[in-house]
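A.B. asks: I have a structure here, written as structure tokens, and I will follow up with some questions on it.
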Amino acid sequence: MEIAEEIHDQCGPLFGTSRVKAHRLSHGVALSDIVAQVKALYEIDGKPLPRLGETLLSAYESGYKRPGPEYLHYLCAVYRVEPDELGYQSPCICGQNHRTRPGVPAA
């Protein structure tokens with residue numbers, strides 16, 4: 001999380017790097033990796049696979065779109081952070097801490 005903050009602090013003013021993008025970059029993974037992890041969490045939860053793709057995730061990262069409550073929940077779960085750490089002020093729909101999720105590795 002400290003690395004993501006540093007990326008955001010250094011790259012945000014220069015390149016417009018959002019907090020959610022800074023978290024992905026801090027993990028050194030591609031958009032497709034995050035999409036796959038979100039879809040895996042949907043599967044674990046027994047839900048139909050979401051329509052989340054690289055284009056939509058990129059729109060979240062660039063600020064053109066904002067994730068809805070469910071996608072925000074799963075992004076928080078993947079990154080193991082709370083919504084404010086991804087740049088969103090809304091509380092999560094689950095009301096639980098995302099810092100840990102048993103049996104699921106971090107992004």
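In the structure tokens, each chain is lettered A, B, ... as it comes, each chain's residues begin at 1, and ligands are numbered from 1 in order of appearance.
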Per DSSP on the backbone, what are the alpha helix (DSSP H) residues of chain A, as a tab-separated table (two decimals) with all heavy atoms, in the first residue's frame?
C.D. replies:
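Result written to out29.tsv:
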```
chain	number	residue	atom	x	y	z
A	2	GLU	N	2.01	1.20	0.67
A	2	GLU	CA	2.88	2.35	0.68
A	2	GLU	C	3.43	2.63	-0.72
A	2	GLU	O	3.58	3.78	-1.11
A	2	GLU	CB	4.03	2.14	1.66
A	2	GLU	CG	3.57	2.15	3.10
A	2	GLU	CD	4.71	1.84	4.07
A	2	GLU	OE1	5.88	1.98	3.69
A	2	GLU	OE2	4.40	1.46	5.21
A	3	ILE	N	3.70	1.57	-1.46
A	3	ILE	CA	4.21	1.73	-2.82
A	3	ILE	C	3.14	2.38	-3.69
A	3	ILE	O	3.43	3.28	-4.48
A	3	ILE	CB	4.67	0.38	-3.41
A	3	ILE	CG1	5.87	-0.15	-2.63
A	3	ILE	CG2	4.99	0.51	-4.90
A	3	ILE	CD1	6.28	-1.55	-2.97
A	4	ALA	N	1.90	1.95	-3.54
A	4	ALA	CA	0.81	2.54	-4.31
A	4	ALA	C	0.66	4.02	-3.98
A	4	ALA	O	0.44	4.84	-4.89
A	4	ALA	CB	-0.50	1.80	-4.02
A	5	GLU	N	0.79	4.38	-2.72
A	5	GLU	CA	0.71	5.79	-2.33
A	5	GLU	C	1.84	6.59	-2.97
A	5	GLU	O	1.62	7.70	-3.45
A	5	GLU	CB	0.76	5.93	-0.80
A	5	GLU	CG	-0.52	5.57	-0.12
A	5	GLU	CD	-1.70	6.46	-0.52
A	5	GLU	OE1	-1.53	7.71	-0.59
A	5	GLU	OE2	-2.77	5.91	-0.78
A	6	GLU	N	3.03	6.02	-2.97
A	6	GLU	CA	4.18	6.71	-3.57
A	6	GLU	C	3.98	6.89	-5.07
A	6	GLU	O	4.26	7.96	-5.62
A	6	GLU	CB	5.46	5.92	-3.28
A	6	GLU	CG	6.72	6.63	-3.71
A	6	GLU	CD	7.04	7.87	-2.89
A	6	GLU	OE1	6.58	7.99	-1.73
A	6	GLU	OE2	7.75	8.74	-3.43
A	7	ILE	N	3.49	5.85	-5.74
A	7	ILE	CA	3.21	5.96	-7.18
A	7	ILE	C	2.19	7.06	-7.42
A	7	ILE	O	2.36	7.90	-8.30
A	7	ILE	CB	2.72	4.61	-7.75
A	7	ILE	CG1	3.87	3.60	-7.77
A	7	ILE	CG2	2.13	4.79	-9.15
A	7	ILE	CD1	3.45	2.18	-8.11
A	8	HIS	N	1.12	7.06	-6.64
A	8	HIS	CA	0.09	8.08	-6.81
A	8	HIS	C	0.64	9.48	-6.55
A	8	HIS	O	0.39	10.41	-7.32
A	8	HIS	CB	-1.11	7.81	-5.90
A	8	HIS	CG	-2.17	8.84	-6.02
A	8	HIS	ND1	-2.29	9.88	-5.13
A	8	HIS	CD2	-3.13	9.02	-6.95
A	8	HIS	CE1	-3.29	10.65	-5.52
A	8	HIS	NE2	-3.82	10.16	-6.61
A	9	ASP	N	1.41	9.63	-5.48
A	9	ASP	CA	1.95	10.94	-5.14
A	9	ASP	C	2.91	11.47	-6.20
A	9	ASP	O	2.92	12.66	-6.50
A	9	ASP	CB	2.67	10.90	-3.78
A	9	ASP	CG	1.71	10.70	-2.62
A	9	ASP	OD1	0.48	10.83	-2.82
A	9	ASP	OD2	2.19	10.38	-1.51
A	10	GLN	N	3.73	10.56	-6.78
A	10	GLN	CA	4.72	10.98	-7.76
A	10	GLN	C	4.14	11.10	-9.17
A	10	GLN	O	4.50	12.01	-9.91
A	10	GLN	CB	5.90	9.99	-7.78
A	10	GLN	CG	6.68	9.95	-6.49
A	10	GLN	CD	7.37	11.27	-6.18
A	10	GLN	OE1	7.96	11.89	-7.05
A	10	GLN	NE2	7.30	11.69	-4.93
A	11	CYS	N	3.28	10.16	-9.54
A	11	CYS	CA	2.78	10.10	-10.92
A	11	CYS	C	1.43	10.80	-11.12
A	11	CYS	O	1.10	11.18	-12.24
A	11	CYS	CB	2.67	8.65	-11.38
A	11	CYS	SG	4.25	7.80	-11.38
A	12	GLY	N	0.68	10.94	-10.03
A	12	GLY	CA	-0.63	11.60	-10.14
A	12	GLY	C	-0.54	13.00	-10.72
A	12	GLY	O	-1.20	13.30	-11.72
A	13	PRO	N	0.30	13.86	-10.14
A	13	PRO	CA	0.39	15.22	-10.66
A	13	PRO	C	0.96	15.30	-12.09
A	13	PRO	O	0.56	16.14	-12.87
A	13	PRO	CB	1.35	15.92	-9.68
A	13	PRO	CG	1.29	15.11	-8.44
A	13	PRO	CD	1.05	13.70	-8.88
A	14	LEU	N	1.89	14.40	-12.41
A	14	LEU	CA	2.53	14.44	-13.72
A	14	LEU	C	1.70	13.78	-14.82
A	14	LEU	O	1.62	14.27	-15.94
A	14	LEU	CB	3.90	13.76	-13.66
A	14	LEU	CG	4.95	14.41	-12.78
A	14	LEU	CD1	6.17	13.52	-12.64
A	14	LEU	CD2	5.33	15.76	-13.36
A	15	PHE	N	1.11	12.63	-14.49
A	15	PHE	CA	0.45	11.81	-15.52
A	15	PHE	C	-1.02	11.56	-15.25
A	15	PHE	O	-1.68	10.86	-16.01
A	15	PHE	CB	1.17	10.46	-15.65
A	15	PHE	CG	2.64	10.59	-15.89
A	15	PHE	CD1	3.55	10.27	-14.90
A	15	PHE	CD2	3.13	11.07	-17.10
A	15	PHE	CE1	4.92	10.40	-15.11
A	15	PHE	CE2	4.49	11.20	-17.32
A	15	PHE	CZ	5.39	10.86	-16.32
A	19	ARG	N	-5.58	6.66	-7.93
A	19	ARG	CA	-5.25	5.76	-6.83
A	19	ARG	C	-5.49	4.30	-7.23
A	19	ARG	O	-4.69	3.43	-6.90
A	19	ARG	CB	-6.05	6.10	-5.58
A	19	ARG	CG	-5.64	7.42	-4.96
A	19	ARG	CD	-6.31	7.66	-3.62
A	19	ARG	NE	-5.95	8.95	-3.09
A	19	ARG	CZ	-4.80	9.23	-2.49
A	19	ARG	NH1	-3.90	8.30	-2.33
A	19	ARG	NH2	-4.55	10.45	-2.05
A	20	VAL	N	-6.58	4.03	-7.93
A	20	VAL	CA	-6.87	2.65	-8.30
A	20	VAL	C	-5.81	2.14	-9.28
A	20	VAL	O	-5.36	1.00	-9.18
A	20	VAL	CB	-8.32	2.49	-8.83
A	20	VAL	CG1	-8.54	3.18	-10.13
A	20	VAL	CG2	-8.72	1.03	-8.90
A	21	LYS	N	-5.36	2.98	-10.20
A	21	LYS	CA	-4.30	2.56	-11.12
A	21	LYS	C	-2.97	2.38	-10.38
A	21	LYS	O	-2.21	1.45	-10.66
A	21	LYS	CB	-4.13	3.56	-12.25
A	21	LYS	CG	-3.12	3.12	-13.28
A	21	LYS	CD	-3.09	4.02	-14.49
A	21	LYS	CE	-2.13	3.48	-15.53
A	21	LYS	NZ	-2.19	4.29	-16.77
A	22	ALA	N	-2.70	3.26	-9.44
A	22	ALA	CA	-1.46	3.15	-8.66
A	22	ALA	C	-1.40	1.81	-7.92
A	22	ALA	O	-0.32	1.22	-7.81
A	22	ALA	CB	-1.36	4.31	-7.68
A	23	HIS	N	-2.53	1.33	-7.45
A	23	HIS	CA	-2.53	0.03	-6.77
A	23	HIS	C	-2.18	-1.09	-7.74
A	23	HIS	O	-1.41	-1.98	-7.41
A	23	HIS	CB	-3.87	-0.24	-6.07
A	23	HIS	CG	-3.92	0.39	-4.73
A	23	HIS	ND1	-3.41	-0.21	-3.60
A	23	HIS	CD2	-4.39	1.59	-4.32
A	23	HIS	CE1	-3.57	0.58	-2.56
A	23	HIS	NE2	-4.16	1.68	-2.97
A	24	ARG	N	-2.75	-1.04	-8.94
A	24	ARG	CA	-2.42	-2.08	-9.92
A	24	ARG	C	-0.94	-2.02	-10.28
A	24	ARG	O	-0.25	-3.04	-10.31
A	24	ARG	CB	-3.28	-1.94	-11.17
A	24	ARG	CG	-2.97	-3.03	-12.21
A	24	ARG	CD	-3.88	-2.96	-13.41
A	24	ARG	NE	-3.80	-1.70	-14.13
A	24	ARG	CZ	-2.84	-1.39	-15.01
A	24	ARG	NH1	-1.85	-2.23	-15.26
A	24	ARG	NH2	-2.87	-0.23	-15.64
A	25	LEU	N	-0.45	-0.82	-10.53
A	25	LEU	CA	0.96	-0.67	-10.89
A	25	LEU	C	1.88	-1.13	-9.76
A	25	LEU	O	2.94	-1.72	-10.01
A	25	LEU	CB	1.26	0.78	-11.26
A	25	LEU	CG	0.57	1.31	-12.52
A	25	LEU	CD1	0.84	2.80	-12.68
A	25	LEU	CD2	1.00	0.53	-13.74
A	26	SER	N	1.48	-0.89	-8.53
A	26	SER	CA	2.32	-1.29	-7.39
A	26	SER	C	2.44	-2.80	-7.28
A	26	SER	O	3.41	-3.31	-6.72
A	26	SER	CB	1.78	-0.71	-6.08
A	26	SER	OG	0.62	-1.39	-5.65
A	27	HIS	N	1.45	-3.52	-7.84
A	27	HIS	CA	1.50	-4.98	-7.84
A	27	HIS	C	2.20	-5.53	-9.09
A	27	HIS	O	2.45	-6.72	-9.18
A	27	HIS	CB	0.09	-5.57	-7.74
A	27	HIS	CG	-0.50	-5.42	-6.39
A	27	HIS	ND1	-1.25	-4.32	-6.02
A	27	HIS	CD2	-0.46	-6.22	-5.29
A	27	HIS	CE1	-1.65	-4.47	-4.76
A	27	HIS	NE2	-1.16	-5.59	-4.30
A	31	LEU	N	-3.90	-5.11	-16.62
A	31	LEU	CA	-5.36	-4.99	-16.47
A	31	LEU	C	-6.01	-6.38	-16.53
A	31	LEU	O	-6.90	-6.68	-15.74
A	31	LEU	CB	-5.94	-4.11	-17.59
A	31	LEU	CG	-5.67	-2.61	-17.50
A	31	LEU	CD1	-5.98	-1.94	-18.82
A	31	LEU	CD2	-6.50	-2.00	-16.39
A	32	SER	N	-5.54	-7.20	-17.46
A	32	SER	CA	-6.14	-8.54	-17.63
A	32	SER	C	-5.98	-9.39	-16.37
A	32	SER	O	-6.86	-10.20	-16.06
A	32	SER	CB	-5.53	-9.26	-18.83
A	32	SER	OG	-4.13	-9.40	-18.65
A	33	ASP	N	-4.91	-9.20	-15.64
A	33	ASP	CA	-4.70	-9.95	-14.39
A	33	ASP	C	-5.73	-9.57	-13.34
A	33	ASP	O	-6.27	-10.43	-12.64
A	33	ASP	CB	-3.29	-9.72	-13.83
A	33	ASP	CG	-2.21	-10.22	-14.77
A	33	ASP	OD1	-2.38	-11.29	-15.38
A	33	ASP	OD2	-1.19	-9.51	-14.90
A	34	ILE	N	-6.02	-8.29	-13.23
A	34	ILE	CA	-7.00	-7.83	-12.25
A	34	ILE	C	-8.39	-8.31	-12.65
A	34	ILE	O	-9.16	-8.78	-11.81
A	34	ILE	CB	-6.96	-6.29	-12.09
A	34	ILE	CG1	-5.58	-5.85	-11.59
A	34	ILE	CG2	-8.07	-5.81	-11.17
A	34	ILE	CD1	-5.13	-6.47	-10.27
A	35	VAL	N	-8.71	-8.22	-13.93
A	35	VAL	CA	-10.01	-8.71	-14.42
A	35	VAL	C	-10.16	-10.19	-14.08
A	35	VAL	O	-11.20	-10.62	-13.58
A	35	VAL	CB	-10.16	-8.46	-15.93
A	35	VAL	CG1	-11.38	-9.19	-16.49
A	35	VAL	CG2	-10.25	-6.96	-16.22
A	36	ALA	N	-9.11	-10.97	-14.31
A	36	ALA	CA	-9.16	-12.41	-14.02
A	36	ALA	C	-9.36	-12.66	-12.52
A	36	ALA	O	-10.11	-13.56	-12.13
A	36	ALA	CB	-7.89	-13.09	-14.51
A	37	GLN	N	-8.71	-11.87	-11.68
A	37	GLN	CA	-8.86	-12.05	-10.24
A	37	GLN	C	-10.25	-11.68	-9.76
A	37	GLN	O	-10.83	-12.36	-8.91
A	37	GLN	CB	-7.80	-11.24	-9.49
A	37	GLN	CG	-6.42	-11.84	-9.65
A	37	GLN	CD	-5.39	-11.12	-8.83
A	37	GLN	OE1	-5.63	-10.78	-7.67
A	37	GLN	NE2	-4.24	-10.86	-9.43
A	38	VAL	N	-10.81	-10.61	-10.31
A	38	VAL	CA	-12.18	-10.23	-9.95
A	38	VAL	C	-13.15	-11.35	-10.37
A	38	VAL	O	-14.01	-11.76	-9.59
A	38	VAL	CB	-12.58	-8.88	-10.58
A	38	VAL	CG1	-14.09	-8.64	-10.47
A	38	VAL	CG2	-11.81	-7.74	-9.93
A	39	LYS	N	-12.98	-11.85	-11.58
A	39	LYS	CA	-13.85	-12.93	-12.06
A	39	LYS	C	-13.70	-14.18	-11.19
A	39	LYS	O	-14.68	-14.86	-10.91
A	39	LYS	CB	-13.56	-13.23	-13.53
A	39	LYS	CG	-14.07	-12.13	-14.44
A	39	LYS	CD	-13.84	-12.44	-15.90
A	39	LYS	CE	-14.45	-11.33	-16.77
A	39	LYS	NZ	-14.36	-11.62	-18.19
A	40	ALA	N	-12.49	-14.48	-10.75
A	40	ALA	CA	-12.27	-15.63	-9.88
A	40	ALA	C	-13.01	-15.46	-8.55
A	40	ALA	O	-13.59	-16.42	-8.03
A	40	ALA	CB	-10.77	-15.83	-9.64
A	41	LEU	N	-13.02	-14.24	-8.02
A	41	LEU	CA	-13.74	-14.00	-6.77
A	41	LEU	C	-15.25	-14.15	-6.96
A	41	LEU	O	-15.94	-14.64	-6.08
A	41	LEU	CB	-13.40	-12.61	-6.21
A	41	LEU	CG	-11.99	-12.45	-5.67
A	41	LEU	CD1	-11.77	-11.01	-5.21
A	41	LEU	CD2	-11.73	-13.41	-4.54
A	42	TYR	N	-15.75	-13.72	-8.11
A	42	TYR	CA	-17.17	-13.93	-8.42
A	42	TYR	C	-17.47	-15.43	-8.41
A	42	TYR	O	-18.48	-15.87	-7.88
A	42	TYR	CB	-17.53	-13.34	-9.78
A	42	TYR	CG	-18.06	-11.93	-9.73
A	42	TYR	CD1	-17.21	-10.84	-9.55
A	42	TYR	CD2	-19.41	-11.67	-9.87
A	42	TYR	CE1	-17.69	-9.54	-9.52
A	42	TYR	CE2	-19.92	-10.38	-9.84
A	42	TYR	CZ	-19.05	-9.32	-9.67
A	42	TYR	OH	-19.54	-8.04	-9.63
A	43	GLU	N	-16.59	-16.19	-9.05
A	43	GLU	CA	-16.78	-17.65	-9.09
A	43	GLU	C	-16.77	-18.26	-7.70
A	43	GLU	O	-17.61	-19.09	-7.36
A	43	GLU	CB	-15.68	-18.30	-9.94
A	43	GLU	CG	-16.15	-18.73	-11.29
A	43	GLU	CD	-15.08	-19.54	-12.00
A	43	GLU	OE1	-14.01	-18.97	-12.31
A	43	GLU	OE2	-15.33	-20.74	-12.24
A	44	ILE	N	-15.82	-17.85	-6.88
A	44	ILE	CA	-15.72	-18.35	-5.51
A	44	ILE	C	-17.01	-18.05	-4.74
A	44	ILE	O	-17.48	-18.87	-3.96
A	44	ILE	CB	-14.50	-17.73	-4.78
A	44	ILE	CG1	-13.21	-18.32	-5.34
A	44	ILE	CG2	-14.59	-17.94	-3.28
A	44	ILE	CD1	-11.96	-17.58	-4.90
A	54	GLU	N	-11.11	-5.37	-19.57
A	54	GLU	CA	-10.00	-4.43	-19.51
A	54	GLU	C	-10.42	-3.01	-19.84
A	54	GLU	O	-9.94	-2.05	-19.23
A	54	GLU	CB	-8.88	-4.89	-20.45
A	54	GLU	CG	-8.22	-6.17	-20.00
A	54	GLU	CD	-7.21	-6.67	-21.02
A	54	GLU	OE1	-6.41	-5.85	-21.52
A	54	GLU	OE2	-7.23	-7.88	-21.31
A	55	THR	N	-11.34	-2.85	-20.79
A	55	THR	CA	-11.78	-1.52	-21.18
A	55	THR	C	-12.49	-0.81	-20.03
A	55	THR	O	-12.22	0.36	-19.75
A	55	THR	CB	-12.71	-1.60	-22.41
A	55	THR	OG1	-12.01	-2.25	-23.48
A	55	THR	CG2	-13.16	-0.22	-22.86
A	56	LEU	N	-13.38	-1.52	-19.35
A	56	LEU	CA	-14.10	-0.93	-18.23
A	56	LEU	C	-13.15	-0.63	-17.07
A	56	LEU	O	-13.20	0.45	-16.47
A	56	LEU	CB	-15.23	-1.84	-17.76
A	56	LEU	CG	-16.14	-1.29	-16.65
A	56	LEU	CD1	-16.73	0.06	-17.03
A	56	LEU	CD2	-17.23	-2.30	-16.34
A	57	LEU	N	-12.25	-1.56	-16.76
A	57	LEU	CA	-11.29	-1.32	-15.69
A	57	LEU	C	-10.40	-0.12	-16.02
A	57	LEU	O	-10.11	0.71	-15.16
A	57	LEU	CB	-10.45	-2.57	-15.43
A	57	LEU	CG	-9.46	-2.49	-14.28
A	57	LEU	CD1	-10.13	-2.09	-12.97
A	57	LEU	CD2	-8.73	-3.82	-14.12
A	58	SER	N	-10.01	-0.01	-17.27
A	58	SER	CA	-9.21	1.14	-17.70
A	58	SER	C	-10.00	2.44	-17.53
A	58	SER	O	-9.43	3.47	-17.13
A	58	SER	CB	-8.79	0.98	-19.16
A	58	SER	OG	-8.07	2.10	-19.59
A	59	ALA	N	-11.30	2.40	-17.79
A	59	ALA	CA	-12.14	3.59	-17.61
A	59	ALA	C	-12.20	3.98	-16.12
A	59	ALA	O	-12.24	5.16	-15.79
A	59	ALA	CB	-13.54	3.35	-18.16
A	60	TYR	N	-12.21	2.98	-15.23
A	60	TYR	CA	-12.17	3.28	-13.80
A	60	TYR	C	-10.85	3.93	-13.45
A	60	TYR	O	-10.79	4.91	-12.71
A	60	TYR	CB	-12.32	2.01	-12.96
A	60	TYR	CG	-13.62	1.28	-13.07
A	60	TYR	CD1	-13.70	-0.06	-12.73
A	60	TYR	CD2	-14.79	1.89	-13.51
A	60	TYR	CE1	-14.88	-0.76	-12.81
A	60	TYR	CE2	-15.98	1.20	-13.59
A	60	TYR	CZ	-16.02	-0.14	-13.24
A	60	TYR	OH	-17.19	-0.83	-13.33
A	61	GLU	N	-9.76	3.37	-13.98
A	61	GLU	CA	-8.43	3.88	-13.66
A	61	GLU	C	-8.22	5.30	-14.19
A	61	GLU	O	-7.50	6.08	-13.58
A	61	GLU	CB	-7.36	2.96	-14.23
A	61	GLU	CG	-7.24	1.65	-13.50
A	61	GLU	CD	-6.07	0.80	-13.99
A	61	GLU	OE1	-5.41	1.17	-14.98
A	61	GLU	OE2	-5.83	-0.24	-13.35
A	62	SER	N	-8.82	5.61	-15.31
A	62	SER	CA	-8.63	6.94	-15.90
A	62	SER	C	-9.64	7.96	-15.37
A	62	SER	O	-9.51	9.15	-15.65
A	62	SER	CB	-8.73	6.86	-17.42
A	62	SER	OG	-10.03	6.44	-17.80
A	69	PRO	N	-21.24	-0.25	-6.73
A	69	PRO	CA	-20.96	-0.82	-5.41
A	69	PRO	C	-20.39	-2.24	-5.45
A	69	PRO	O	-19.47	-2.56	-4.70
A	69	PRO	CB	-22.31	-0.81	-4.71
A	69	PRO	CG	-23.10	0.23	-5.42
A	69	PRO	CD	-22.61	0.24	-6.83
A	70	GLU	N	-20.91	-3.09	-6.33
A	70	GLU	CA	-20.43	-4.48	-6.36
A	70	GLU	C	-19.02	-4.56	-6.95
A	70	GLU	O	-18.16	-5.25	-6.40
A	70	GLU	CB	-21.40	-5.36	-7.16
A	70	GLU	CG	-21.06	-6.84	-6.99
A	70	GLU	CD	-22.17	-7.73	-7.47
A	70	GLU	OE1	-23.21	-7.83	-6.79
A	70	GLU	OE2	-21.99	-8.33	-8.55
A	71	TYR	N	-18.77	-3.89	-8.06
A	71	TYR	CA	-17.42	-3.91	-8.63
A	71	TYR	C	-16.42	-3.28	-7.67
A	71	TYR	O	-15.29	-3.76	-7.54
A	71	TYR	CB	-17.36	-3.18	-9.97
A	71	TYR	CG	-17.92	-3.96	-11.15
A	71	TYR	CD1	-18.12	-3.34	-12.36
A	71	TYR	CD2	-18.23	-5.31	-11.05
A	71	TYR	CE1	-18.62	-4.03	-13.46
A	71	TYR	CE2	-18.74	-6.01	-12.13
A	71	TYR	CZ	-18.93	-5.37	-13.33
A	71	TYR	OH	-19.42	-6.05	-14.41
A	72	LEU	N	-16.81	-2.22	-6.98
A	72	LEU	CA	-15.93	-1.60	-6.01
A	72	LEU	C	-15.57	-2.59	-4.91
A	72	LEU	O	-14.41	-2.70	-4.51
A	72	LEU	CB	-16.56	-0.34	-5.42
A	72	LEU	CG	-15.73	0.40	-4.37
A	72	LEU	CD1	-14.38	0.82	-4.92
A	72	LEU	CD2	-16.50	1.61	-3.85
A	73	HIS	N	-16.56	-3.34	-4.45
A	73	HIS	CA	-16.32	-4.36	-3.42
A	73	HIS	C	-15.26	-5.35	-3.90
A	73	HIS	O	-14.31	-5.66	-3.18
A	73	HIS	CB	-17.62	-5.09	-3.07
A	73	HIS	CG	-17.41	-6.36	-2.35
A	73	HIS	ND1	-16.99	-6.40	-1.03
A	73	HIS	CD2	-17.52	-7.65	-2.75
A	73	HIS	CE1	-16.86	-7.69	-0.66
A	73	HIS	NE2	-17.19	-8.45	-1.68
A	74	TYR	N	-15.41	-5.84	-5.12
A	74	TYR	CA	-14.47	-6.85	-5.61
A	74	TYR	C	-13.10	-6.26	-5.91
A	74	TYR	O	-12.08	-6.94	-5.70
A	74	TYR	CB	-15.05	-7.58	-6.82
A	74	TYR	CG	-16.08	-8.61	-6.38
A	74	TYR	CD1	-17.43	-8.34	-6.42
A	74	TYR	CD2	-15.67	-9.83	-5.87
A	74	TYR	CE1	-18.37	-9.27	-5.99
A	74	TYR	CE2	-16.59	-10.76	-5.42
A	74	TYR	CZ	-17.93	-10.48	-5.49
A	74	TYR	OH	-18.83	-11.40	-5.04
A	75	LEU	N	-13.02	-5.02	-6.35
A	75	LEU	CA	-11.72	-4.38	-6.53
A	75	LEU	C	-11.02	-4.22	-5.17
A	75	LEU	O	-9.82	-4.47	-5.06
A	75	LEU	CB	-11.86	-3.02	-7.22
A	75	LEU	CG	-12.20	-3.06	-8.70
A	75	LEU	CD1	-12.47	-1.65	-9.22
A	75	LEU	CD2	-11.09	-3.71	-9.50
A	76	CYS	N	-11.77	-3.84	-4.17
A	76	CYS	CA	-11.20	-3.73	-2.82
A	76	CYS	C	-10.71	-5.09	-2.33
A	76	CYS	O	-9.64	-5.19	-1.72
A	76	CYS	CB	-12.24	-3.18	-1.84
A	76	CYS	SG	-12.59	-1.44	-2.06
A	77	ALA	N	-11.46	-6.13	-2.63
A	77	ALA	CA	-11.06	-7.47	-2.21
A	77	ALA	C	-9.78	-7.91	-2.92
A	77	ALA	O	-8.88	-8.49	-2.31
A	77	ALA	CB	-12.19	-8.47	-2.48
A	78	VAL	N	-9.67	-7.62	-4.21
A	78	VAL	CA	-8.47	-8.00	-4.97
A	78	VAL	C	-7.25	-7.26	-4.45
A	78	VAL	O	-6.20	-7.86	-4.22
A	78	VAL	CB	-8.67	-7.73	-6.49
A	78	VAL	CG1	-7.34	-7.78	-7.23
A	78	VAL	CG2	-9.65	-8.74	-7.08
A	79	TYR	N	-7.38	-5.96	-4.25
A	79	TYR	CA	-6.24	-5.16	-3.79
A	79	TYR	C	-6.04	-5.20	-2.28
A	79	TYR	O	-5.04	-4.69	-1.78
A	79	TYR	CB	-6.39	-3.72	-4.25
A	79	TYR	CG	-6.24	-3.54	-5.74
A	79	TYR	CD1	-7.25	-2.97	-6.49
A	79	TYR	CD2	-5.09	-3.95	-6.39
A	79	TYR	CE1	-7.13	-2.79	-7.86
A	79	TYR	CE2	-4.95	-3.78	-7.77
A	79	TYR	CZ	-5.97	-3.20	-8.48
A	79	TYR	OH	-5.84	-3.03	-9.84
```
A.B. asks: Restricting the calculation to only C-alpha atoms: of A:Gly68, A:Gly53, A:Gly46, A:Arg80, which residue gets closest to His98 (chain A)?
C.D. replies: A:Arg80
A.B. asks: Interatomic distance between CA of Lys47 (chain A) and CA of Tyr88 (chain A)?
C.D. replies: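 Rounded to one decimal, the two atoms are 24.0 Å apart.
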A.B. asks: Could you check which of A:Pro50, A:Ala30, A:Tyr64, A:Ser18 is closest to Asp84 (chain A), using only C-alpha atoms?
C.D. replies: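 When distances to Asp84 (chain A) are compared using only C-alpha atoms, the smallest one comes from A:Ser18.
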